[in-house]
$ cat protein29.pdb   # PDB, C-alpha atoms
MODEL        1
ATOM      1  CA  MET A   1       0.417  20.338 -37.112  1.00  0.00           C
ATOM      2  CA  ASN A   2      -1.627  17.534 -38.463  1.00  0.00           C
ATOM      3  CA  ASN A   3      -3.674  15.145 -36.347  1.00  0.00           C
ATOM      4  CA  LYS A   4      -1.240  12.209 -36.609  1.00  0.00           C
ATOM      5  CA  VAL A   5       1.688  14.229 -35.269  1.00  0.00           C
ATOM      6  CA  LEU A   6      -0.413  15.497 -32.353  1.00  0.00           C
ATOM      7  CA  ARG A   7      -1.496  11.956 -31.526  1.00  0.00           C
ATOM      8  CA  LEU A   8       2.088  10.710 -31.653  1.00  0.00           C
ATOM      9  CA  ILE A   9       3.225  13.509 -29.341  1.00  0.00           C
ATOM     10  CA  GLY A  10       0.347  12.700 -26.974  1.00  0.00           C
ATOM     11  CA  VAL A  11       1.186   8.994 -26.910  1.00  0.00           C
ATOM     12  CA  LEU A  12       4.885   9.671 -26.321  1.00  0.00           C
ATOM     13  CA  PHE A  13       4.028  12.079 -23.501  1.00  0.00           C
ATOM     14  CA  VAL A  14       1.777   9.516 -21.799  1.00  0.00           C
ATOM     15  CA  VAL A  15       4.436   6.800 -22.116  1.00  0.00           C
ATOM     16  CA  ALA A  16       7.124   9.116 -20.718  1.00  0.00           C
ATOM     17  CA  VAL A  17       4.941  10.120 -17.784  1.00  0.00           C
ATOM     18  CA  MET A  18       3.991   6.529 -17.003  1.00  0.00           C
ATOM     19  CA  MET A  19       7.601   5.375 -17.098  1.00  0.00           C
ATOM     20  CA  GLY A  20       8.527   8.069 -14.589  1.00  0.00           C
ATOM     21  CA  PHE A  21       6.215   6.702 -11.932  1.00  0.00           C
ATOM     22  CA  GLY A  22       6.547   3.590  -9.843  1.00  0.00           C
ATOM     23  CA  ILE A  23       8.042   2.789  -6.505  1.00  0.00           C
ATOM     24  CA  PRO A  24      11.060   4.991  -5.710  1.00  0.00           C
ATOM     25  CA  LYS A  25      14.333   3.062  -5.453  1.00  0.00           C
ATOM     26  CA  ASN A  26      14.885   3.892  -1.776  1.00  0.00           C
ATOM     27  CA  VAL A  27      11.385   2.638  -0.929  1.00  0.00           C
ATOM     28  CA  GLN A  28      11.774  -0.464  -3.134  1.00  0.00           C
ATOM     29  CA  LYS A  29      15.010  -1.353  -1.356  1.00  0.00           C
ATOM     30  CA  LYS A  30      13.233  -1.292   2.022  1.00  0.00           C
ATOM     31  CA  VAL A  31      10.309  -3.286   0.595  1.00  0.00           C
ATOM     32  CA  ASP A  32      12.704  -5.925  -0.757  1.00  0.00           C
ATOM     33  CA  LYS A  33      14.406  -6.272   2.611  1.00  0.00           C
ATOM     34  CA  ALA A  34      11.123  -6.484   4.541  1.00  0.00           C
ATOM     35  CA  VAL A  35       9.534  -9.065   2.209  1.00  0.00           C
ATOM     36  CA  THR A  36      12.572 -11.343   1.993  1.00  0.00           C
ATOM     37  CA  SER A  37      13.002 -11.165   5.758  1.00  0.00           C
ATOM     38  CA  TYR A  38       9.346 -11.807   6.603  1.00  0.00           C
ATOM     39  CA  PHE A  39       8.873 -14.727   4.189  1.00  0.00           C
ATOM     40  CA  GLU A  40      12.449 -15.993   4.695  1.00  0.00           C
ATOM     41  CA  ILE A  41      13.135 -16.119   0.962  1.00  0.00           C
ATOM     42  CA  GLU A  42      16.017 -14.865  -1.135  1.00  0.00           C
ATOM     43  CA  ALA A  43      14.061 -13.293  -3.977  1.00  0.00           C
ATOM     44  CA  PHE A  44      10.508 -12.580  -5.044  1.00  0.00           C
ATOM     45  CA  THR A  45       8.543 -10.938  -7.816  1.00  0.00           C
ATOM     46  CA  MET A  46       5.682  -8.472  -7.624  1.00  0.00           C
ATOM     47  CA  ARG A  47       2.776  -8.587 -10.090  1.00  0.00           C
ATOM     48  CA  PRO A  48       0.686  -5.395 -10.105  1.00  0.00           C
ATOM     49  CA  ILE A  49      -3.027  -5.682  -9.394  1.00  0.00           C
ATOM     50  CA  THR A  50      -5.180  -3.480 -11.589  1.00  0.00           C
ATOM     51  CA  VAL A  51      -8.791  -2.549 -11.018  1.00  0.00           C
ATOM     52  CA  PRO A  52     -11.239  -1.346 -13.687  1.00  0.00           C
ATOM     53  CA  SER A  53     -11.767   2.413 -13.403  1.00  0.00           C
ATOM     54  CA  SER A  54     -15.535   1.857 -13.163  1.00  0.00           C
ATOM     55  CA  VAL A  55     -14.945  -0.033  -9.901  1.00  0.00           C
ATOM     56  CA  ASN A  56     -11.970   2.010  -8.665  1.00  0.00           C
ATOM     57  CA  ILE A  57     -13.925   5.263  -8.680  1.00  0.00           C
ATOM     58  CA  ASN A  58     -16.139   4.011  -5.825  1.00  0.00           C
ATOM     59  CA  LEU A  59     -13.385   2.541  -3.647  1.00  0.00           C
ATOM     60  CA  PRO A  60     -12.300   4.156  -0.374  1.00  0.00           C
ATOM     61  CA  CYS A  61      -8.672   3.468  -1.321  1.00  0.00           C
ATOM     62  CA  LYS A  62      -7.681   3.848  -4.979  1.00  0.00           C
ATOM     63  CA  ILE A  63      -5.773   0.936  -6.524  1.00  0.00           C
ATOM     64  CA  THR A  64      -3.392   2.439  -9.063  1.00  0.00           C
ATOM     65  CA  GLY A  65      -1.534  -0.558 -10.459  1.00  0.00           C
ATOM     66  CA  GLU A  66       1.493   0.781  -8.570  1.00  0.00           C
ATOM     67  CA  ASN A  67       0.403   0.207  -4.975  1.00  0.00           C
ATOM     68  CA  LEU A  68      -1.145  -3.285  -4.723  1.00  0.00           C
ATOM     69  CA  PHE A  69       0.851  -6.304  -5.865  1.00  0.00           C
ATOM     70  CA  GLN A  70       0.639 -10.070  -5.694  1.00  0.00           C
ATOM     71  CA  LEU A  71       3.889 -11.569  -4.417  1.00  0.00           C
ATOM     72  CA  PHE A  72       5.516 -14.689  -5.851  1.00  0.00           C
ATOM     73  CA  ASP A  73       8.374 -16.893  -4.707  1.00  0.00           C
ATOM     74  CA  GLY A  74       9.308 -18.251  -8.106  1.00  0.00           C
ATOM     75  CA  GLN A  75       5.969 -19.368  -9.561  1.00  0.00           C
ATOM     76  CA  SER A  76       4.268 -19.834  -6.184  1.00  0.00           C
ATOM     77  CA  PRO A  77       2.035 -17.048  -4.862  1.00  0.00           C
ATOM     78  CA  ILE A  78       2.949 -16.095  -1.297  1.00  0.00           C
ATOM     79  CA  GLY A  79       0.623 -13.181  -0.630  1.00  0.00           C
ATOM     80  CA  TYR A  80       0.012  -9.531  -1.403  1.00  0.00           C
ATOM     81  CA  ILE A  81       1.662  -6.242  -0.590  1.00  0.00           C
ATOM     82  CA  PHE A  82       0.204  -2.756  -0.467  1.00  0.00           C
ATOM     83  CA  ILE A  83       2.688   0.134  -0.650  1.00  0.00           C
ATOM     84  CA  GLU A  84       1.482   3.686  -0.204  1.00  0.00           C
ATOM     85  CA  GLN A  85       2.023   7.040   1.440  1.00  0.00           C
ATOM     86  CA  ALA A  86      -0.024   8.612   4.216  1.00  0.00           C
ATOM     87  CA  PRO A  87       0.071  12.165   5.553  1.00  0.00           C
ATOM     88  CA  SER A  88       1.679  13.149   8.829  1.00  0.00           C
ATOM     89  CA  LYS A  89       1.725  16.707  10.199  1.00  0.00           C
ATOM     90  CA  THR A  90       3.689  18.394   7.399  1.00  0.00           C
ATOM     91  CA  ALA A  91       4.925  15.566   5.152  1.00  0.00           C
ATOM     92  CA  ASN A  92       3.981  12.095   3.950  1.00  0.00           C
ATOM     93  CA  PHE A  93       5.375   8.802   5.169  1.00  0.00           C
ATOM     94  CA  ASP A  94       5.771   5.587   3.190  1.00  0.00           C
ATOM     95  CA  TYR A  95       4.338   2.355   4.549  1.00  0.00           C
ATOM     96  CA  MET A  96       3.670  -1.201   3.442  1.00  0.00           C
ATOM     97  CA  ILE A  97       1.157  -3.858   4.419  1.00  0.00           C
ATOM     98  CA  LEU A  98       1.914  -7.562   3.835  1.00  0.00           C
ATOM     99  CA  MET A  99      -1.131  -9.816   3.467  1.00  0.00           C
ATOM    100  CA  ASP A 100      -1.669 -13.523   2.954  1.00  0.00           C
ATOM    101  CA  ASP A 101      -3.571 -15.039   0.011  1.00  0.00           C
ATOM    102  CA  ASN A 102      -6.873 -14.194   1.741  1.00  0.00           C
ATOM    103  CA  PHE A 103      -5.747 -10.607   2.385  1.00  0.00           C
ATOM    104  CA  LYS A 104      -5.359 -11.092   6.126  1.00  0.00           C
ATOM    105  CA  ILE A 105      -2.720  -8.671   7.415  1.00  0.00           C
ATOM    106  CA  LEU A 106       0.514 -10.473   8.272  1.00  0.00           C
ATOM    107  CA  HIS A 107       2.859  -7.545   8.810  1.00  0.00           C
ATOM    108  CA  SER A 108       2.902  -3.771   8.508  1.00  0.00           C
ATOM    109  CA  LYS A 109       5.882  -1.460   8.383  1.00  0.00           C
ATOM    110  CA  VAL A 110       6.569   2.256   8.151  1.00  0.00           C
ATOM    111  CA  LEU A 111       9.276   2.407   5.492  1.00  0.00           C
ATOM    112  CA  ILE A 112      10.244   6.080   5.535  1.00  0.00           C
ATOM    113  CA  TYR A 113       9.064   8.631   8.094  1.00  0.00           C
ATOM    114  CA  ARG A 114       9.937  12.235   7.258  1.00  0.00           C
ATOM    115  CA  GLU A 115       8.890  14.126  10.402  1.00  0.00           C
ATOM    116  CA  GLU A 116      10.822  15.022  13.518  1.00  0.00           C
ATOM    117  CA  TYR A 117       7.971  13.877  15.776  1.00  0.00           C
ATOM    118  CA  GLY A 118       5.546  10.977  15.486  1.00  0.00           C
ATOM    119  CA  GLY A 119       7.971   8.347  14.243  1.00  0.00           C
ATOM    120  CA  GLU A 120       6.810   6.079  17.064  1.00  0.00           C
ATOM    121  CA  ILE A 121       4.152   4.734  14.698  1.00  0.00           C
ATOM    122  CA  GLY A 122       6.962   2.715  13.156  1.00  0.00           C
ATOM    123  CA  SER A 123       7.374   0.689  16.341  1.00  0.00           C
ATOM    124  CA  LYS A 124       6.655  -3.027  16.007  1.00  0.00           C
ATOM    125  CA  ARG A 125       4.681  -2.910  19.233  1.00  0.00           C
ATOM    126  CA  TRP A 126       2.200  -0.368  17.857  1.00  0.00           C
ATOM    127  CA  LEU A 127       1.991  -1.909  14.370  1.00  0.00           C
ATOM    128  CA  LYS A 128       1.202  -5.371  15.826  1.00  0.00           C
ATOM    129  CA  GLN A 129      -2.352  -4.124  16.445  1.00  0.00           C
ATOM    130  CA  PHE A 130      -3.123  -4.561  12.739  1.00  0.00           C
ATOM    131  CA  ILE A 131      -1.895  -8.166  12.429  1.00  0.00           C
ATOM    132  CA  GLY A 132      -4.738 -10.589  11.777  1.00  0.00           C
ATOM    133  CA  LYS A 133      -7.167  -7.955  10.498  1.00  0.00           C
ATOM    134  CA  THR A 134      -9.130  -9.151   7.483  1.00  0.00           C
ATOM    135  CA  PRO A 135     -11.115  -7.477   4.697  1.00  0.00           C
ATOM    136  CA  GLY A 136     -14.246  -5.955   6.121  1.00  0.00           C
ATOM    137  CA  ASP A 137     -12.759  -5.524   9.616  1.00  0.00           C
ATOM    138  CA  ARG A 138     -12.878  -1.950  10.846  1.00  0.00           C
ATOM    139  CA  VAL A 139      -9.973  -0.268  12.598  1.00  0.00           C
ATOM    140  CA  ASP A 140     -10.362   3.065  14.340  1.00  0.00           C
ATOM    141  CA  HIS A 141      -8.022   5.127  16.511  1.00  0.00           C
ATOM    142  CA  LYS A 142     -10.922   5.944  18.843  1.00  0.00           C
ATOM    143  CA  THR A 143     -12.205   2.420  19.470  1.00  0.00           C
ATOM    144  CA  ASN A 144      -9.852  -0.468  18.757  1.00  0.00           C
ATOM    145  CA  ILE A 145      -6.397   0.945  17.962  1.00  0.00           C
ATOM    146  CA  ASP A 146      -4.272   2.448  20.725  1.00  0.00           C
ATOM    147  CA  GLY A 147      -2.944   5.951  20.253  1.00  0.00           C
ATOM    148  CA  ILE A 148       0.567   7.242  20.803  1.00  0.00           C
ATOM    149  CA  ALA A 149       1.241  10.491  22.648  1.00  0.00           C
ATOM    150  CA  GLY A 150       3.065  12.854  20.306  1.00  0.00           C
ATOM    151  CA  ALA A 151       2.011  10.967  17.181  1.00  0.00           C
ATOM    152  CA  THR A 152      -1.719  11.678  17.082  1.00  0.00           C
ATOM    153  CA  ILE A 153      -1.858  12.831  13.461  1.00  0.00           C
ATOM    154  CA  SER A 154       0.266   9.928  12.207  1.00  0.00           C
ATOM    155  CA  VAL A 155      -1.744   7.399  14.244  1.00  0.00           C
ATOM    156  CA  ARG A 156      -4.998   8.693  12.774  1.00  0.00           C
ATOM    157  CA  SER A 157      -3.523   8.726   9.286  1.00  0.00           C
ATOM    158  CA  MET A 158      -2.066   5.198   9.407  1.00  0.00           C
ATOM    159  CA  THR A 159      -5.190   3.763  11.045  1.00  0.00           C
ATOM    160  CA  SER A 160      -7.440   5.454   8.498  1.00  0.00           C
ATOM    161  CA  ALA A 161      -5.257   4.224   5.614  1.00  0.00           C
ATOM    162  CA  ILE A 162      -5.389   0.617   6.832  1.00  0.00           C
ATOM    163  CA  ASP A 163      -9.136   0.843   7.441  1.00  0.00           C
ATOM    164  CA  SER A 164      -9.622   2.131   3.878  1.00  0.00           C
ATOM    165  CA  LEU A 165      -7.461  -0.690   2.504  1.00  0.00           C
ATOM    166  CA  LEU A 166      -9.451  -3.352   4.376  1.00  0.00           C
ATOM    167  CA  GLN A 167     -12.756  -1.886   3.174  1.00  0.00           C
ATOM    168  CA  THR A 168     -11.435  -1.621  -0.395  1.00  0.00           C
ATOM    169  CA  VAL A 169     -10.316  -5.255  -0.468  1.00  0.00           C
ATOM    170  CA  ALA A 170     -13.711  -6.337   0.925  1.00  0.00           C
ATOM    171  CA  ILE A 171     -15.483  -4.449  -1.883  1.00  0.00           C
ATOM    172  CA  LEU A 172     -13.149  -5.896  -4.530  1.00  0.00           C
ATOM    173  CA  GLN A 173     -13.723  -9.416  -3.201  1.00  0.00           C
ATOM    174  CA  ALA A 174     -17.505  -8.895  -3.150  1.00  0.00           C
ATOM    175  CA  ASN A 175     -17.352  -7.704  -6.776  1.00  0.00           C
ATOM    176  CA  LYS A 176     -15.160 -10.704  -7.742  1.00  0.00           C
ATOM    177  CA  VAL A 177     -12.291  -8.426  -8.799  1.00  0.00           C
ATOM    178  CA  LEU A 178      -9.929 -10.171  -6.362  1.00  0.00           C
TER     179      LEU A 178
ENDMDL
END

$ encode --input "protein29.pdb" --output "structure tokens"
Amino acid sequence: MNNKVLRLIGVLFVVAVMMGFGIPKNVQKKVDKAVTSYFEIEAFTMRPITVPSSVNINLPCKITGENLFQLFDGQSPIGYIFIEQAPSKTANFDYMILMDDNFKILHSKVLIYREEYGGEIGSKRWLKQFIGKTPGDRVDHKTNIDGIAGATISVRSMTSAIDSLLQTVAILQANKVL
């Protein structure tokens, strides 16, 4: 095959792969419900946040263009949302973090938990511990976040994920990316 045909096949493959990714419909439905409920709005749009690969490589939490979004009510920005998965004992769980325009955590939610045990991390009472945390704050299951008996792995995972997000946003703000 000649070079042009190989390039065309490569480009088509990349486009097909990229179109196959994104937020799964069942997760998006839960995100939509949580955002409209929290902000008391009927509809919103999500604009992906992208980070240059030269910066992203050094971040504790990778920003993929499919996990951090700016939220808009019409044309008005209302905050940011981070949607990701974290590991539990044998599977991953989906979670979201709502933040204001300064990236202060407003709300967190476990969207889909796939384990038999440990689902208690989805309780509002436990998740309230993260509200008000700002970029640069540290959260740790040993020092300032309460544990849950029977959900140790999930608690560590969720706490670590939120800590990484807060540190990542602090780095991006310091580098004037956000």

$ resolve_selection --input "protein29.pdb" --expression "the PyMOL selection byres ((chain A and resi 59) around 9)" --output "list in words"
Val55, Asn56, Ile57, Asn58, Pro60, Cys61, Lys62, Ile63, Ser164, Gln167, Thr168, Val169, Ile171 and Leu172 of chain A

$ resolve_selection --input "protein29.pdb" --expression "the PyMOL selection byres ((chain A and resi 81) around 8)" --output "short mmCIF file (atom, residue, chain, number, x, y, z; two decimals) with C-alpha atoms, keeping the file's coordinate frame"
data_model
loop_
_atom_site.label_atom_id
_atom_site.label_comp_id
_atom_site.auth_asym_id
_atom_site.auth_seq_id
_atom_site.Cartn_x
_atom_site.Cartn_y
_atom_site.Cartn_z
CA ASN A 67 0.40 0.21 -4.97
CA LEU A 68 -1.14 -3.28 -4.72
CA PHE A 69 0.85 -6.30 -5.86
CA GLN A 70 0.64 -10.07 -5.69
CA LEU A 71 3.89 -11.57 -4.42
CA GLY A 79 0.62 -13.18 -0.63
CA TYR A 80 0.01 -9.53 -1.40
CA PHE A 82 0.20 -2.76 -0.47
CA ILE A 83 2.69 0.13 -0.65
CA MET A 96 3.67 -1.20 3.44
CA ILE A 97 1.16 -3.86 4.42
CA LEU A 98 1.91 -7.56 3.84
CA MET A 99 -1.13 -9.82 3.47
#

$ resolve_selection --input "protein29.pdb" --expression "the PyMOL selection byres ((chain A and resi 78) around 12)" --output "PyMOL selection string"
chain A and resi 35-36+38-41+43-47+69-77+79-81+98-103+106

$ closest_residue --input "protein29.pdb" --among "A:Glu120, A:Asp137, A:Asp146, A:Glu84" --to "Ala161 of chain A" --atoms "all atoms listed in the file"
A:Glu84

$ closest_residue --input "protein29.pdb" --among "A:Gln129, A:His107, A:Ile121, A:Lys176" --to "Gly150 of chain A" --atoms "only C-alpha atoms"
A:Ile121

$ axis_aligned_box --input "protein29.pdb" --around "segment 127-131 of chain A" --padding-each-side "3 Å" --output "lines of an AutoDock Vina configuration file"
center_x = -0.6
center_y = -5.0
center_z = 14.4
size_x = 11.1
size_y = 12.3
size_z = 10.0

$ atom_distance --input "protein29.pdb" --atom1 "atom CA of Arg125 of chain A" --atom2 "atom CA of Val155 of chain A"
13.1 Å
